[in-house]
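J.: Sharing a structure with you now.
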Amino acid sequence: MSTDEHTYPQLLSELADYEEALAMGLHDLTDAYAFSDHGQKMAPYKWAKVYLHPWPALQWAVSRLLAMDCSASGCEHSWSVEGWIHSKKRNRMGQRTVERLVRCHTNLLLEA
């Protein structure tokens with residue numbers, strides 16, 4: 001999915017719908033299902049895929065947020081990949097090309 005498919009107003013609308021469903025206990029968003037011990041033990045991206053399916057833009061945003069590195073080790077890994085791509089043998093590439101190749105490499109790892 002691309003960002004063109006999901007707009008900010010659509011995301012806000014789906015967020016409001018999600019909060020309403022959460023308050024009313026619709027779409028299995030109850031303590032017995034989504035917030036049970038099993039639901040809390042699920043990986044966050046899997047939880048979002050299972051329980052946010054009625055809200056595709058919200059599901060997309062959550063999956064993007066959860067894919068972000070939140071520690072120094074993830075950043076170090078990205079810099080390591082950048083160093084591998086932009087080595088002495090391949091130093092004629094522009095910064096934009098290098099950034100795109102790092103993004104492609106990371107996305108390929110996420111798909112696997």
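In the structure tokens, chains take the letters A, B, ... in the order shown, each chain's residues start at 1, and ligands count up from 1 in the order shown.
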With region 5-9 of chain A as the partner and 9 Å as the cut-off, tabulate the residues of region 42-63 of chain A that qualify, each row holding the nearest pair of atoms and their distance in Å to one decimal, using only C-alpha atoms, sorted by chain and rising number, as a tab-separated table.
T.:
residue	atom	partner	partner_atom	distance
A:Pro56	CA	A:His6	CA	8.5
A:Ala57	CA	A:His6	CA	5.5
A:Leu58	CA	A:His6	CA	8.7
A:Trp60	CA	A:His6	CA	8.2
A:Ala61	CA	A:His6	CA	8.7
J.: Report, in Å with one decimal, the straight-line distance from CA of Leu11 (chain A) to CA of Asp28 (chain A).
T.: 20.5 Å
J.: I'd like the neighbourhood of Arg103 (chain A) as a PyMOL selection string, where a residue qualifies if any of its atoms comes within 12 Å (using only C-alpha atoms), though same-chain residues fewer than 3 positions away should be ignored.
T.: chain A and resi 68+78-79+81-82+85+96-100+106-110
J.: Restricting the output to N, CA and C atoms, write the selected residues as a short mmCIF file (atom, residue, chain, number, x, y, z; two decimals), in the first residue's frame.
T.:
data_model
loop_
_atom_site.label_atom_id
_atom_site.label_comp_id
_atom_site.auth_asym_id
_atom_site.auth_seq_id
_atom_site.Cartn_x
_atom_site.Cartn_y
_atom_site.Cartn_z
N MET A 68 9.15 1.08 12.76
CA MET A 68 10.24 2.03 13.02
C MET A 68 11.19 1.49 14.09
N SER A 78 20.97 0.14 10.27
CA SER A 78 20.71 0.92 9.06
C SER A 78 21.98 1.58 8.55
N TRP A 79 22.77 2.13 9.47
CA TRP A 79 24.02 2.77 9.06
C TRP A 79 25.01 1.74 8.52
N VAL A 81 24.14 -1.01 6.92
CA VAL A 81 23.66 -1.33 5.58
C VAL A 81 24.06 -0.21 4.63
N GLU A 82 23.93 1.04 5.09
CA GLU A 82 24.33 2.17 4.24
C GLU A 82 25.82 2.11 3.93
N ILE A 85 26.35 -0.55 1.30
CA ILE A 85 25.90 -0.13 -0.02
C ILE A 85 26.81 0.95 -0.59
N ARG A 96 20.78 10.46 -2.40
CA ARG A 96 19.39 10.04 -2.63
C ARG A 96 19.33 8.59 -3.09
N THR A 97 20.23 8.19 -3.97
CA THR A 97 20.28 6.81 -4.46
C THR A 97 20.61 5.86 -3.32
N VAL A 98 21.57 6.25 -2.49
CA VAL A 98 21.95 5.41 -1.35
C VAL A 98 20.77 5.23 -0.40
N GLU A 99 20.07 6.32 -0.09
CA GLU A 99 18.93 6.24 0.81
C GLU A 99 17.84 5.33 0.25
N ARG A 100 17.62 5.42 -1.05
CA ARG A 100 16.61 4.55 -1.67
C ARG A 100 17.03 3.08 -1.63
N THR A 106 15.89 -2.69 3.42
CA THR A 106 15.12 -2.86 4.65
C THR A 106 13.74 -3.42 4.35
N ASN A 107 13.09 -2.93 3.31
CA ASN A 107 11.75 -3.41 2.96
C ASN A 107 11.79 -4.88 2.52
N LEU A 108 12.86 -5.27 1.83
CA LEU A 108 12.98 -6.68 1.45
C LEU A 108 13.11 -7.56 2.68
N LEU A 109 13.82 -7.09 3.70
CA LEU A 109 13.94 -7.85 4.94
C LEU A 109 12.61 -7.93 5.67
N LEU A 110 11.81 -6.85 5.62
CA LEU A 110 10.52 -6.85 6.28
C LEU A 110 9.53 -7.79 5.61
#
J.: Quick one: of A:Leu52, A:Glu19, A:Glu76, A:Tyr45, who's nearest to Arg64 (chain A), counting only C-alpha atoms?
T.: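 The closest residue to Arg64 (chain A) is A:Tyr45.
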J.: Between CA of Asp37 (chain A) and CA of Glu111 (chain A), what distance in Å does the model show, to one decimal?
T.: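 These atoms are spaced 27.6 Å apart.
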J.: CA of Met42 (chain A) and CA of Cys104 (chain A), how far apart in Å?
T.: 27.1 Å
J.: Taking 6 positions as the minimum chain separation for residues in the same chain, which residues sit within 12 Å of Leu66 (chain A) when counting only C-alpha atoms? Answer as a list in words.
T.: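 Answer for this query is Ala43, Pro44, Tyr45, Lys46, Trp47, Ala48, Lys49, Gln59, Trp60 and Leu110 of chain A.
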J.: Looking at only C-alpha atoms, which of A:Ser73, A:Lys89, A:Gly94, A:Pro54 is the one that sits closest to Leu26 (chain A)?
T.: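 Closest to Leu26 (chain A) of all the choices is A:Pro54.
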